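Quick notes on the structure that follows.
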Amino acid sequence: MNTSTIIMVVLALGSAGAAWSMRTQDLPPPKFEDTGEPLFAGFTDPTVATNLEVVAWDEEDAKVVGFKVQQTEGRWVIPSHNDYPADGTERMGKAAASFIDVEKDRYYGDNPADHAAYGVLDPDGDEGKGDEKGQRITIKDASDTVLVDIIVGKEVPEKQGFYYVREPGEAKRVYGCRLELDISTKFEDWIEKDLLGVERDDFGMMMYDPYTVDEVEGRVTGFQPVVATVTDPANRREWSADDKTEVPEGKVLDSMKVRQMLTAMASLKIVGVRPRPQARNMIEQQMLAQDMKRKGFFAVGTPDGRVQLYGNEGMLSAITDDGIVYTLLFGEVTYESGIALTAGAEEGSEPGVMEEGVEPEGEGDTNKQASRFMFVDVAYDPSQDSNLTPEPPPAEGAEGEAAASGDTDNAAKQAAGQQKAAKLRQRFDQWFYVISDSSFKQIHKERDELFKDAPEDGGAAGGGPPGGMPGGMPGFPPG
């Protein structure tokens with residue numbers, strides 16, 4: 001091999017070496033001293049968490065929204081909804097546990113220009129579009145010490161269950177962490193879902209009246225209540241109209257429709273709440289009346305000097321076997337959404353404050369889903385309490401002593417019934433409720449819908465036990 005050949009071989013080998021050194025290589029991710037460490041090393045006990053706040057971008061309403069739940073004086077409440085009671089113990093435990101033993105799995109850089117791509121921009125900041133903003137989650141304990149404060153961004157591609165995260169403020173580092181997030185910002189997920197706490201078969205009597213409210217004149221007309229009772233207490237499938245109910249010719253009460261209405265009543269779910277302010281003077285009474293009117297509820301004087309409350313879409317009352325009377329009044333429709341629906345206020349305003357000159361709450365974008373205001377009242381009627389011992393005829397001697405014992409027993413049972421109703425009334429008296437339009441339509445029927453053709457065998461139309469609903473109950477006039 002001559003000198004020229006050797007030189008060419010050396011040059012060729014050098015070029016090959018350079019090409020090899022310049023090839024594309026899969027470099028290992030940079031590793032920092034805190035990779036693999038806990039995200040929140042000092043947070044080890046989820047039961048100490050007493051305050052949760054979530055701030056996020058709402059794509060539907062195109063704005064930043066916040067949700068907060070906290071423990072106050074031993075009870076869980078939702079501050080954004082006028083401290084409405086939250087069913088928070090279990091859900092808060094799950095939310096807090098989402099951040100226990102979470103590690104910084106992988107470091108993705110500290111360039112702020114990449115934060116938008118990772119979706120970890122501060123949701124309260126001015127920068128970025130909706131999908132570039134993260135969800136800021138803050139958890140504190142009873143002493144207001146911060147246990148968790150993190151911005152959770154997009155899910156890491158091809159790593160199911162892993163999310164980009166960043167600490168708020170000036171922090172720039174972005175990590176990937178495995179998170180089992182169980183944090184809901186939906187109002188309905190944090191409250192007791194069973195509003196009335198009854199079953200359909202707890203009811204033994206019902207009164208329904210889709211009367212007409214003349215809102216201009218302030219008069220209620222068209223009273224034609226349908227009163228129904230269980231035909232056989234052992235069989236809750238069959239209902240009959242009482243003898244005071246006007247049954248159309250050739251018709252009988254449709255038991256299936258009654259069961260459908262009571263099933264919907266017993267399974268009511270609320271989608272929003274409004275505080276029911278207490279009026280302490282004449283001015284506040286006038287403002288309260290105005291506030292109720294906006295929601296579709298009207299106080300009308302009766303001939304005997306009482307004040308009766310009506311909803312502009314009728315009422316439904318049902319009595320349980322222990323004499324508890326649940327009365328629902330149905331009011332105005334609303335097309336609001338977001339916190340305006342669930343709390344009656346825009347983000348940053350004070351919900352529930354009565355103001356003069358405000359627009360009716362029923363106003364809104366009619367292209368959105370409809371909801372309905374509802375008023376709940378509870379009373380106790382001992383005449384419908386099946387737990388009471390029937391009064392025996394007057395007697396002397398031993399029978400008289402037994403009667404006296406029965407009276408004492410009944411008095412105790414009546415006191416228990418009154419206490420139960422008072423406790424329920426204290427709960428419901430604080431709120432106006434908002435229910436979905438679908439729930440409203442399951443309950444609200446045209447009067448004729450409650451009747452069907454009488455059987456050909458000549459069954460009595462409107463037959464049933466005499467009597468009827470007791471008069472003067474909340475929500476409807478004396479019977």
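The chains in the structure tokens are called A, B, ... from first to last as shown; in each chain the residues are counted from 1, and the ligands are counted from 1 in the order shown.
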
**Item:** Residue list (strand (DSSP E or B), DSSP) for stretch 107-179 of chain A, as an MDAnalysis selection string
**Value:** chainID A and resid 107:109 121 133 135:141 146:155 162:166 174:178

Based on the selection just made, write C-alpha atoms of those residues as an mmCIF file, in the first residue's frame.
```
data_model
loop_
_atom_site.group_PDB
_atom_site.id
_atom_site.type_symbol
_atom_site.label_atom_id
_atom_site.label_comp_id
_atom_site.auth_asym_id
_atom_site.auth_seq_id
_atom_site.Cartn_x
_atom_site.Cartn_y
_atom_site.Cartn_z
ATOM 1 C CA TYR A 107 -38.277 16.391 35.174
ATOM 2 C CA TYR A 108 -39.446 18.115 31.981
ATOM 3 C CA GLY A 109 -37.589 21.413 32.131
ATOM 4 C CA LEU A 121 -50.104 28.176 33.198
ATOM 5 C CA LYS A 133 -54.179 26.897 31.765
ATOM 6 C CA GLN A 135 -56.037 23.473 37.513
ATOM 7 C CA ARG A 136 -54.695 25.015 40.707
ATOM 8 C CA ILE A 137 -55.443 22.870 43.757
ATOM 9 C CA THR A 138 -54.844 24.137 47.282
ATOM 10 C CA ILE A 139 -55.410 22.124 50.455
ATOM 11 C CA LYS A 140 -55.005 23.536 53.969
ATOM 12 C CA ASP A 141 -55.417 22.305 57.530
ATOM 13 C CA VAL A 146 -50.851 25.017 53.245
ATOM 14 C CA LEU A 147 -50.535 21.262 52.770
ATOM 15 C CA VAL A 148 -50.859 21.151 48.982
ATOM 16 C CA ASP A 149 -50.534 23.928 46.413
ATOM 17 C CA ILE A 150 -49.996 22.736 42.858
ATOM 18 C CA ILE A 151 -50.982 23.483 39.272
ATOM 19 C CA VAL A 152 -51.995 20.303 37.463
ATOM 20 C CA GLY A 153 -51.714 20.451 33.679
ATOM 21 C CA LYS A 154 -52.293 18.109 30.772
ATOM 22 C CA GLU A 155 -51.928 14.350 30.928
ATOM 23 C CA PHE A 162 -49.370 10.845 34.691
ATOM 24 C CA TYR A 163 -49.812 14.628 34.585
ATOM 25 C CA TYR A 164 -47.566 17.625 34.143
ATOM 26 C CA VAL A 165 -47.402 19.622 37.376
ATOM 27 C CA ARG A 166 -45.813 22.849 38.527
ATOM 28 C CA VAL A 174 -42.253 21.106 35.407
ATOM 29 C CA TYR A 175 -42.480 17.487 36.525
ATOM 30 C CA GLY A 176 -44.511 14.491 35.518
ATOM 31 C CA CYS A 177 -46.349 12.835 38.411
ATOM 32 C CA ARG A 178 -48.668 9.901 38.732
#
```

**Request:** Extract, using only C-alpha atoms, all DNA, RNA and protein residues at most 7 Å from A:Pro225, discarding same-chain residues fewer than 3 positions from it, and format them as a ChimeraX atom specification.
**Result:** /A:207-209,245

Please produce a file of those selected residues containing C-alpha atoms, as a JSON list (two decimals), in the first residue's frame.
```json
[["chain", "number", "residue", "atom", "x", "y", "z"],
["A", 207, "MET", "CA", -102.54, 16.20, 47.19],
["A", 208, "TYR", "CA", -101.72, 17.79, 43.85],
["A", 209, "ASP", "CA", -103.03, 21.07, 42.48],
["A", 245, "THR", "CA", -111.88, 15.15, 44.45]]
```

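If you look at atom CA of A:Phe297 and atom CA of A:Lys244, they are 26.7 Å away from each other.
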
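Nearest to A:Gly130 of all the residues A:Asp377, A:Glu103, A:Asp61, A:Asp409 is A:Asp61, counting only C-alpha atoms.
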
**Prompt:** So how far away is atom CA of A:Glu391 from atom CA of A:Lys413, in Å?
**Reply:** 13.8 Å

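Counting only C-alpha atoms, the residue from A:Val213, A:Ala228, A:Ala241, A:Val54 that sits nearest to A:Ile183 is A:Val54.
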
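Contact shell of A:Ile191 at 8 Å (only C-alpha atoms; same-chain neighbours under 4 positions omitted): Pro85, Ala86, Asp87, Gly88 and Phe187 of chain A.
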
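Proximity ranking of A:Ile78, A:Ile443, A:Val333, A:Ala96 relative to A:Lys257 places A:Ile443 first, based on only C-alpha atoms.
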
**Prompt:** Neighbours of stretch 448-454 of chain A within 9 Å (only C-alpha atoms; same-chain residues fewer than 5 positions away dropped), as a ChimeraX atom specification?
**Reply:** /A:226,247-258,459-461

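For the choices A:Leu316, A:Leu309, A:Val216, A:Met92, the atom-to-atom distance to A:Thr50 is smallest for A:Met92 when using only C-alpha atoms.
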
If we count only C-alpha atoms, what is near A:Thr72 at a cut-off of 10 Å, once residues fewer than 2 positions away on the same chain are taken out, given as a PDB file with N, CA, C and O atoms, in the first residue's frame?
```pdb
ATOM      1  N   THR A  50     -58.775  20.332  55.998  1.00  0.00           N
ATOM      2  CA  THR A  50     -60.070  20.924  56.337  1.00  0.00           C
ATOM      3  C   THR A  50     -60.500  21.997  55.342  1.00  0.00           C
ATOM      4  O   THR A  50     -61.523  22.643  55.543  1.00  0.00           O
ATOM      5  N   ASN A  51     -59.723  22.197  54.294  1.00  0.00           N
ATOM      6  CA  ASN A  51     -60.023  23.265  53.353  1.00  0.00           C
ATOM      7  C   ASN A  51     -59.485  22.884  51.978  1.00  0.00           C
ATOM      8  O   ASN A  51     -58.301  22.571  51.841  1.00  0.00           O
ATOM      9  N   VAL A  69     -64.489  24.143  49.406  1.00  0.00           N
ATOM     10  CA  VAL A  69     -65.235  23.466  50.458  1.00  0.00           C
ATOM     11  C   VAL A  69     -64.354  23.478  51.699  1.00  0.00           C
ATOM     12  O   VAL A  69     -63.135  23.312  51.612  1.00  0.00           O
ATOM     13  N   GLN A  70     -64.984  23.725  52.856  1.00  0.00           N
ATOM     14  CA  GLN A  70     -64.186  23.804  54.069  1.00  0.00           C
ATOM     15  C   GLN A  70     -64.992  23.334  55.279  1.00  0.00           C
ATOM     16  O   GLN A  70     -66.232  23.271  55.240  1.00  0.00           O
ATOM     17  N   GLY A  74     -67.068  22.406  62.858  1.00  0.00           N
ATOM     18  CA  GLY A  74     -67.371  20.982  62.875  1.00  0.00           C
ATOM     19  C   GLY A  74     -68.240  20.485  61.751  1.00  0.00           C
ATOM     20  O   GLY A  74     -68.575  19.294  61.710  1.00  0.00           O
ATOM     21  N   ARG A  75     -68.620  21.344  60.815  1.00  0.00           N
ATOM     22  CA  ARG A  75     -69.448  20.890  59.694  1.00  0.00           C
ATOM     23  C   ARG A  75     -68.842  21.358  58.384  1.00  0.00           C
ATOM     24  O   ARG A  75     -68.200  22.413  58.307  1.00  0.00           O
ATOM     25  N   TRP A  76     -69.052  20.572  57.343  1.00  0.00           N
ATOM     26  CA  TRP A  76     -68.531  20.896  56.027  1.00  0.00           C
ATOM     27  C   TRP A  76     -69.520  21.800  55.297  1.00  0.00           C
ATOM     28  O   TRP A  76     -70.723  21.525  55.258  1.00  0.00           O
ATOM     29  N   VAL A  77     -69.004  22.878  54.717  1.00  0.00           N
ATOM     30  CA  VAL A  77     -69.853  23.820  53.990  1.00  0.00           C
ATOM     31  C   VAL A  77     -69.176  24.217  52.690  1.00  0.00           C
ATOM     32  O   VAL A  77     -67.969  24.011  52.509  1.00  0.00           O
ATOM     33  N   ILE A  78     -69.969  24.816  51.798  1.00  0.00           N
ATOM     34  CA  ILE A  78     -69.467  25.312  50.519  1.00  0.00           C
ATOM     35  C   ILE A  78     -69.590  26.828  50.542  1.00  0.00           C
ATOM     36  O   ILE A  78     -70.676  27.377  50.335  1.00  0.00           O
ATOM     37  N   PRO A  79     -68.510  27.555  50.830  1.00  0.00           N
ATOM     38  CA  PRO A  79     -68.575  29.017  50.973  1.00  0.00           C
ATOM     39  C   PRO A  79     -69.135  29.739  49.757  1.00  0.00           C
ATOM     40  O   PRO A  79     -69.848  30.734  49.900  1.00  0.00           O
ATOM     41  N   ASP A  83     -72.446  28.907  52.229  1.00  0.00           N
ATOM     42  CA  ASP A  83     -72.205  27.902  53.271  1.00  0.00           C
ATOM     43  C   ASP A  83     -73.264  26.799  53.263  1.00  0.00           C
ATOM     44  O   ASP A  83     -73.669  26.288  54.316  1.00  0.00           O
ATOM     45  N   ALA A 142     -56.575  22.961  59.562  1.00  0.00           N
ATOM     46  CA  ALA A 142     -57.406  23.822  60.397  1.00  0.00           C
ATOM     47  C   ALA A 142     -56.708  25.112  60.798  1.00  0.00           C
ATOM     48  O   ALA A 142     -57.364  26.121  61.092  1.00  0.00           O
TER      49      ALA A 142
END
```

**Message:** My list of candidates is A:Ala421, A:Met315, A:Ala289, A:Ala340. Which is closest to A:Tyr211 when distances are computed with only C-alpha atoms?
**Reply:** A:Met315

**Prompt:** Nearest to A:Asp124: which of A:Leu179, A:Val376, A:Ile100, A:Val65 is it, counting only C-alpha atoms?
**Reply:** A:Val65

**Prompt:** By how many Å are atom CA of A:Leu268 and atom CA of A:Gln290 apart?
**Reply:** 26.7 Å
